[in-house]
Amino acid sequence: MRLASTTIYFAAAVLVLSTSAAASVVINEMELNPPEGGAEWVELYNSGNDSADISGWTATITDNGWVGKFPPVPAGTIIPPKGFFVLNGSPSWNHENGGFATLYTASGEKMDETATREDTLGNDFTYGRHPDGHDTNTDGDWGLGYATKGKPNVR
């Protein structure tokens with residue numbers, strides 16, 4: 001019986017660690033109006049000091065009544081501390097030139113959501129957090145700059 005209770009405590013500890021690490025994952029950059037032929041994308045960033053398992057997570061871009069849903073993150077996907085992961089949308093998505101992004105866990109819990117942004121340029125400029133992962137829930141967290149998909153944001 002002792003082995004069973006040890007296993008339960010271990011499983012609970014792993015769940016707590018992975019949940020707290022996952023809480024450090026935020027939307028870090030988003031492409032809302034890519035150049036001709038490109039696709040929208042959302043970059044995730046793990047600002048924590050522990051790896052985060054984001055298996056099954058998904059995101060959306062919402063623009064007025066239109067919603068673009070990203071495919072779920074493949075099983076076994078881990079973002080290392082200070083690491084990045086990019087969700088790619090579809091080139092066929094057709095909406096206005098803006099919107100906001102929302103990040104969900106595999107169980108559907110909302111983890112992060114950006115403010116609505118407008119991008120009428122249709123170029124390689126994106127909205128990103130400065131510095132990476134900076135999250136005070138204010139507009140000052142974000143800036144428009146050259147796309148750095150999967151890499152640290154620069155101003």
# chains A, B, ... in the order shown; residues from 1 in each chain; ligands from 1
>>> residues_around(residues="stretch 33-36 of chain A", least_positions_apart="5", cutoff="7 Å", atoms="only C-alpha atoms", output="ChimeraX atom specification")
/A:97-98,119-120,122-124
>>> write_last_selection(atoms="C-alpha atoms", output="compact mmCIF listing (two decimals), in the first residue's frame")
# COMPACT_ATOMS: atom_id res chain seq x y z
CA ASN A 97 -6.78 43.57 -40.75
CA GLY A 98 -6.62 42.98 -37.04
CA ASP A 119 -2.53 45.92 -38.76
CA THR A 120 -3.34 47.43 -42.15
CA GLY A 122 0.24 43.61 -44.93
CA ASN A 123 3.99 43.33 -44.31
CA ASP A 124 6.47 41.60 -41.98
>>> select_by_dssp(residues="chain A", states="helix (DSSP H, G or I)", output="list in words")
Arg2, Leu3, Ala4, Ser5, Thr6, Thr7, Ile8, Tyr9, Phe10, Ala11, Ala12, Ala13, Val14, Leu15, Val16, Leu17, Ser18, Thr19, Ser20, Ala21, Ala22, Asp139, Gly140 and Asp141 of chain A
>>> residues_around(residues="A:Thr58", least_positions_apart="5", cutoff="9 Å", atoms="only C-alpha atoms", output="ChimeraX atom specification")
/A:69-73,87,102-106,108
>>> residues_around(residues="stretch 22-29 of chain A", least_positions_apart="4", cutoff="6 Å", atoms="only C-alpha atoms", output="PyMOL selection string")
chain A and resi 18+42-48+52+112+127-129+133
>>> write_last_selection(atoms="N, CA and C atoms", output="PDB file, in the first residue's frame")
ATOM      1  N   SER A  18       3.909  20.954 -13.459  1.00  0.00           N
ATOM      2  CA  SER A  18       3.598  21.260 -14.853  1.00  0.00           C
ATOM      3  C   SER A  18       2.541  22.353 -14.951  1.00  0.00           C
ATOM      4  N   VAL A  42       0.819  32.806 -34.267  1.00  0.00           N
ATOM      5  CA  VAL A  42       0.911  33.249 -32.881  1.00  0.00           C
ATOM      6  C   VAL A  42       2.116  32.553 -32.268  1.00  0.00           C
ATOM      7  N   GLU A  43       2.982  33.349 -31.651  1.00  0.00           N
ATOM      8  CA  GLU A  43       4.169  32.809 -30.992  1.00  0.00           C
ATOM      9  C   GLU A  43       3.922  32.744 -29.484  1.00  0.00           C
ATOM     10  N   LEU A  44       4.218  31.595 -28.899  1.00  0.00           N
ATOM     11  CA  LEU A  44       4.119  31.417 -27.448  1.00  0.00           C
ATOM     12  C   LEU A  44       5.509  31.511 -26.847  1.00  0.00           C
ATOM     13  N   TYR A  45       5.572  31.958 -25.595  1.00  0.00           N
ATOM     14  CA  TYR A  45       6.843  32.115 -24.899  1.00  0.00           C
ATOM     15  C   TYR A  45       6.680  31.625 -23.461  1.00  0.00           C
ATOM     16  N   ASN A  46       7.656  30.854 -23.006  1.00  0.00           N
ATOM     17  CA  ASN A  46       7.672  30.381 -21.619  1.00  0.00           C
ATOM     18  C   ASN A  46       8.604  31.290 -20.829  1.00  0.00           C
ATOM     19  N   SER A  47       8.024  32.200 -20.066  1.00  0.00           N
ATOM     20  CA  SER A  47       8.834  33.152 -19.294  1.00  0.00           C
ATOM     21  C   SER A  47       9.317  32.568 -17.966  1.00  0.00           C
ATOM     22  N   GLY A  48       8.905  31.346 -17.669  1.00  0.00           N
ATOM     23  CA  GLY A  48       9.265  30.724 -16.397  1.00  0.00           C
ATOM     24  C   GLY A  48      10.641  30.084 -16.393  1.00  0.00           C
ATOM     25  N   ALA A  52       7.567  23.709 -19.790  1.00  0.00           N
ATOM     26  CA  ALA A  52       6.108  23.637 -19.753  1.00  0.00           C
ATOM     27  C   ALA A  52       5.610  22.733 -20.870  1.00  0.00           C
ATOM     28  N   ASP A 112      -4.238  33.094 -21.754  1.00  0.00           N
ATOM     29  CA  ASP A 112      -3.795  34.440 -22.082  1.00  0.00           C
ATOM     30  C   ASP A 112      -4.675  34.976 -23.196  1.00  0.00           C
ATOM     31  N   TYR A 127       2.916  42.458 -33.891  1.00  0.00           N
ATOM     32  CA  TYR A 127       2.821  42.946 -32.514  1.00  0.00           C
ATOM     33  C   TYR A 127       3.504  41.936 -31.604  1.00  0.00           C
ATOM     34  N   GLY A 128       4.399  42.439 -30.754  1.00  0.00           N
ATOM     35  CA  GLY A 128       5.103  41.556 -29.839  1.00  0.00           C
ATOM     36  C   GLY A 128       5.302  42.183 -28.479  1.00  0.00           C
ATOM     37  N   ARG A 129       5.497  41.342 -27.487  1.00  0.00           N
ATOM     38  CA  ARG A 129       5.790  41.819 -26.129  1.00  0.00           C
ATOM     39  C   ARG A 129       7.239  42.289 -26.063  1.00  0.00           C
ATOM     40  N   GLY A 133       7.774  38.037 -23.064  1.00  0.00           N
ATOM     41  CA  GLY A 133       7.017  37.558 -21.917  1.00  0.00           C
ATOM     42  C   GLY A 133       6.532  38.618 -20.955  1.00  0.00           C
TER      43      GLY A 133
END
>>> closest_residue(among="A:Ala101, A:Leu121, A:Ala147, A:Ala115", to="A:Trp66", atoms="only C-alpha atoms")
A:Ala101
>>> select_by_dssp(residues="chain A", states="strand (DSSP E)", output="PyMOL selection string")
chain A and resi 25-31+41-46+52-53+58-63+66-69+78-79+84-88+98-104+110-113+117-118+125-129+142-146
>>> write_last_selection(atoms="C-alpha atoms", output="mmCIF file, in the first residue's frame")
data_model
loop_
_atom_site.group_PDB
_atom_site.id
_atom_site.type_symbol
_atom_site.label_atom_id
_atom_site.label_comp_id
_atom_site.auth_asym_id
_atom_site.auth_seq_id
_atom_site.Cartn_x
_atom_site.Cartn_y
_atom_site.Cartn_z
ATOM 1 C CA VAL A 25 3.372 30.537 -21.026
ATOM 2 C CA VAL A 26 2.009 33.644 -22.765
ATOM 3 C CA ILE A 27 1.255 34.898 -26.248
ATOM 4 C CA ASN A 28 4.453 36.729 -27.124
ATOM 5 C CA GLU A 29 4.010 37.829 -30.734
ATOM 6 C CA MET A 30 1.272 37.717 -33.374
ATOM 7 C CA GLU A 31 1.036 38.207 -37.105
ATOM 8 C CA TRP A 41 0.663 32.998 -36.639
ATOM 9 C CA VAL A 42 0.911 33.249 -32.881
ATOM 10 C CA GLU A 43 4.169 32.809 -30.992
ATOM 11 C CA LEU A 44 4.119 31.417 -27.448
ATOM 12 C CA TYR A 45 6.843 32.115 -24.899
ATOM 13 C CA ASN A 46 7.672 30.381 -21.619
ATOM 14 C CA ALA A 52 6.108 23.637 -19.753
ATOM 15 C CA ASP A 53 4.166 20.860 -21.480
ATOM 16 C CA THR A 58 -4.636 25.780 -29.015
ATOM 17 C CA ALA A 59 -5.220 29.421 -29.866
ATOM 18 C CA THR A 60 -7.603 31.571 -31.837
ATOM 19 C CA ILE A 61 -7.488 34.902 -33.595
ATOM 20 C CA THR A 62 -10.790 36.742 -33.392
ATOM 21 C CA ASP A 63 -11.616 39.685 -35.661
ATOM 22 C CA TRP A 66 -14.594 35.912 -37.608
ATOM 23 C CA VAL A 67 -12.582 33.316 -35.623
ATOM 24 C CA GLY A 68 -9.488 31.521 -36.893
ATOM 25 C CA LYS A 69 -8.696 28.382 -34.891
ATOM 26 C CA ILE A 78 7.570 21.022 -24.322
ATOM 27 C CA ILE A 79 8.620 24.683 -24.254
ATOM 28 C CA PHE A 84 9.359 29.715 -27.960
ATOM 29 C CA PHE A 85 6.732 27.744 -29.890
ATOM 30 C CA VAL A 86 4.834 28.985 -32.962
ATOM 31 C CA LEU A 87 1.277 28.101 -33.958
ATOM 32 C CA ASN A 88 0.713 28.594 -37.699
ATOM 33 C CA GLY A 98 -6.621 42.980 -37.037
ATOM 34 C CA GLY A 99 -8.082 41.180 -34.095
ATOM 35 C CA PHE A 100 -6.942 39.629 -30.858
ATOM 36 C CA ALA A 101 -5.399 36.282 -29.942
ATOM 37 C CA THR A 102 -6.507 33.922 -27.188
ATOM 38 C CA LEU A 103 -4.515 30.970 -25.819
ATOM 39 C CA TYR A 104 -6.212 27.880 -24.337
ATOM 40 C CA LYS A 110 -8.059 30.460 -21.103
ATOM 41 C CA MET A 111 -4.369 31.114 -20.336
ATOM 42 C CA ASP A 112 -3.795 34.440 -22.082
ATOM 43 C CA GLU A 113 -5.537 36.947 -24.308
ATOM 44 C CA ARG A 117 -4.733 45.256 -32.510
ATOM 45 C CA GLU A 118 -5.023 46.737 -35.993
ATOM 46 C CA PHE A 125 5.677 43.795 -38.988
ATOM 47 C CA THR A 126 3.983 42.135 -36.020
ATOM 48 C CA TYR A 127 2.821 42.946 -32.514
ATOM 49 C CA GLY A 128 5.103 41.556 -29.839
ATOM 50 C CA ARG A 129 5.790 41.819 -26.129
ATOM 51 C CA TRP A 142 3.284 45.432 -26.696
ATOM 52 C CA GLY A 143 4.953 47.134 -29.615
ATOM 53 C CA LEU A 144 4.873 46.958 -33.400
ATOM 54 C CA GLY A 145 8.151 45.765 -34.842
ATOM 55 C CA TYR A 146 9.837 43.561 -37.418
#
